[in-house]
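**Q** Dropping in protein_0.cif, which is mmCIF, C-alpha atoms:
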data_start
#
loop_
_atom_site.label_atom_id
_atom_site.label_comp_id
_atom_site.auth_asym_id
_atom_site.auth_seq_id
_atom_site.Cartn_x
_atom_site.Cartn_y
_atom_site.Cartn_z
CA PRO A 363 -28.47 -133.79 91.48
CA LEU A 364 -26.83 -136.53 89.44
CA ILE A 365 -29.49 -138.22 87.36
CA PHE A 366 -29.22 -141.75 85.98
CA HIS A 367 -31.61 -142.32 83.08
CA ASN A 368 -33.62 -145.41 82.13
CA ILE A 369 -32.83 -147.45 85.23
CA ILE A 370 -34.92 -150.62 85.38
CA ASN A 371 -37.18 -150.86 88.43
CA PRO A 372 -36.98 -154.52 89.53
CA ASP A 373 -40.46 -154.39 91.06
CA ASN A 374 -42.26 -153.89 87.74
CA ASN A 375 -39.53 -153.90 85.04
CA SER A 376 -40.32 -150.31 84.05
CA ALA A 377 -37.64 -147.76 83.15
CA THR A 378 -37.29 -144.77 85.44
CA ASN A 379 -34.84 -141.98 86.21
CA VAL A 380 -32.96 -142.03 89.51
CA SER A 381 -31.81 -138.76 91.06
CA LEU A 382 -28.97 -138.72 93.59
CA LYS A 383 -28.06 -135.81 95.85
CA VAL A 384 -24.30 -135.48 95.78
CA ASP A 385 -22.51 -133.70 98.61
CA GLU A 386 -19.12 -131.99 98.57
CA GLY A 387 -16.37 -134.57 98.84
CA ASP A 388 -18.47 -137.48 97.54
CA LEU A 389 -16.85 -139.93 95.16
CA LEU A 390 -19.16 -141.83 92.84
CA ILE A 391 -18.00 -144.78 90.78
CA TYR A 392 -20.42 -146.32 88.32
CA PRO A 393 -20.26 -148.19 85.00
CA SER A 394 -19.66 -145.89 82.04
CA ILE A 395 -22.51 -147.56 80.17
CA MET A 396 -25.02 -145.87 82.51
CA ARG A 397 -26.67 -142.86 80.85
CA HIS A 398 -26.43 -139.89 83.19
CA SER A 399 -26.69 -136.11 83.41
CA VAL A 400 -26.51 -133.22 85.86
CA ALA A 401 -28.70 -130.16 86.14
CA PRO A 402 -27.30 -126.81 84.95
CA GLN A 403 -25.41 -124.74 87.53
CA VAL A 404 -27.82 -122.10 88.88
CA THR A 405 -25.60 -120.47 91.53
CA GLU A 406 -22.39 -118.47 91.35
CA SER A 407 -20.54 -121.02 93.49
CA GLU A 408 -17.81 -123.10 91.92
CA ARG A 409 -18.57 -126.63 90.76
CA ILE A 410 -15.70 -128.95 89.94
CA ILE A 411 -16.24 -132.32 88.32
CA VAL A 412 -13.43 -134.76 87.64
CA ALA A 413 -14.22 -137.59 85.24
CA GLY A 414 -12.16 -140.50 84.06
CA ASN A 415 -12.11 -144.17 83.23
CA ILE A 416 -10.69 -146.99 85.30
CA TRP A 417 -9.88 -150.38 83.89
CA TYR A 418 -8.90 -153.26 86.13
CA ASP A 419 -8.11 -156.63 84.60
CA PHE A 420 -9.47 -158.98 87.26
CA GLU A 421 -8.75 -162.15 85.29
CA THR A 422 -5.03 -161.39 84.86
CA GLN A 423 -4.68 -160.21 88.45
CA LEU A 424 -6.31 -163.40 89.73
CA LYS A 425 -3.97 -165.56 87.63
CA ASN A 426 -0.93 -163.66 88.96
CA TYR A 427 -2.22 -163.95 92.53
CA ASN A 428 -2.75 -167.70 92.17
CA ARG A 429 0.78 -168.14 90.73
CA ARG A 430 2.32 -166.29 93.70
CA LYS A 431 0.41 -168.48 96.17
CA GLN A 432 1.95 -171.70 94.76
#
Could you write out this structure as structure tokens?
**A**
Amino acid sequence: PLIFHNIINPDNNSATNVSLKVDEGDLLIYPSIMRHSVAPQVTESERIIVAGNIWYDFETQLKNYNRRKQ
């Protein structure tokens, strides 16, 4: 599983870990500030993980969009 650490539970404001089952073909996008980990591989099957960063400048894009509308 993919485990996110120290997630705040809104019901009681306590920190907890959240475990997600990830299936083949899933795409997960989450903020890079989130502390996370995965369990060690225990089978002989192949596991491929692709990681990267995406930056989208919403403010600039909105300004350009508003200029084109005028």
**Q** Do you have the CA of Val400 (chain A)-CA of Asp385 (chain A) distance handy?
**A** 13.4 Å
**Q** Looking at only C-alpha atoms, which of A:Glu421, A:Ala413, A:Ile370, A:Tyr427 is the one that sits closest to Tyr392 (chain A)?
**A**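 Closest to Tyr392 (chain A) of all the choices is A:Ala413.
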**Q** Choose the residue, out of A:Leu424, A:Ile416, A:Val404, A:Ile365, that has the smallest atom-to-atom separation from Ile391 (chain A); count all atoms listed in the file.
**A**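 Using all atoms listed in the file, the shortest distance to Ile391 (chain A) belongs to A:Ile416.
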**Q** Given the PyMOL selection byres ((chain A and resi 379) around 6) and the file above, list the residues it selects as a tab-separated table (two decimals) with C-alpha atoms, in the frame of the given file.
**A**
chain	number	residue	atom	x	y	z
A	366	PHE	CA	-29.22	-141.75	85.98
A	367	HIS	CA	-31.61	-142.32	83.08
A	368	ASN	CA	-33.62	-145.41	82.13
A	369	ILE	CA	-32.83	-147.45	85.23
A	378	THR	CA	-37.29	-144.77	85.44
A	380	VAL	CA	-32.96	-142.03	89.51
**Q** Name all residues at most 12 Å from Leu390 (chain A) (count only C-alpha atoms; drop same-chain ones fewer than 2 positions away) and give them as a PyMOL selection string.
**A** chain A and resi 364+382-388+392-394+411-414
**Q** Find the distance between CA of Arg430 (chain A) and CA of Tyr418 (chain A) and write it in Å to one decimal.
**A**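 Atom-to-atom, CA of Arg430 (chain A) and CA of Tyr418 (chain A) are spaced 18.8 Å apart.
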**Q** Between CA of Asn415 (chain A) and CA of Leu389 (chain A), what distance in Å does the model show, to one decimal?
**A**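 Result for CA of Asn415 (chain A) versus CA of Leu389 (chain A): 13.5 Å, one decimal.
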**Q** For Pro402 (chain A), which of A:Arg429, A:Pro363, A:Trp417, A:Asp373 is the closest residue, counting only C-alpha atoms?
**A**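 For Pro402 (chain A), the nearest of the candidates is A:Pro363.
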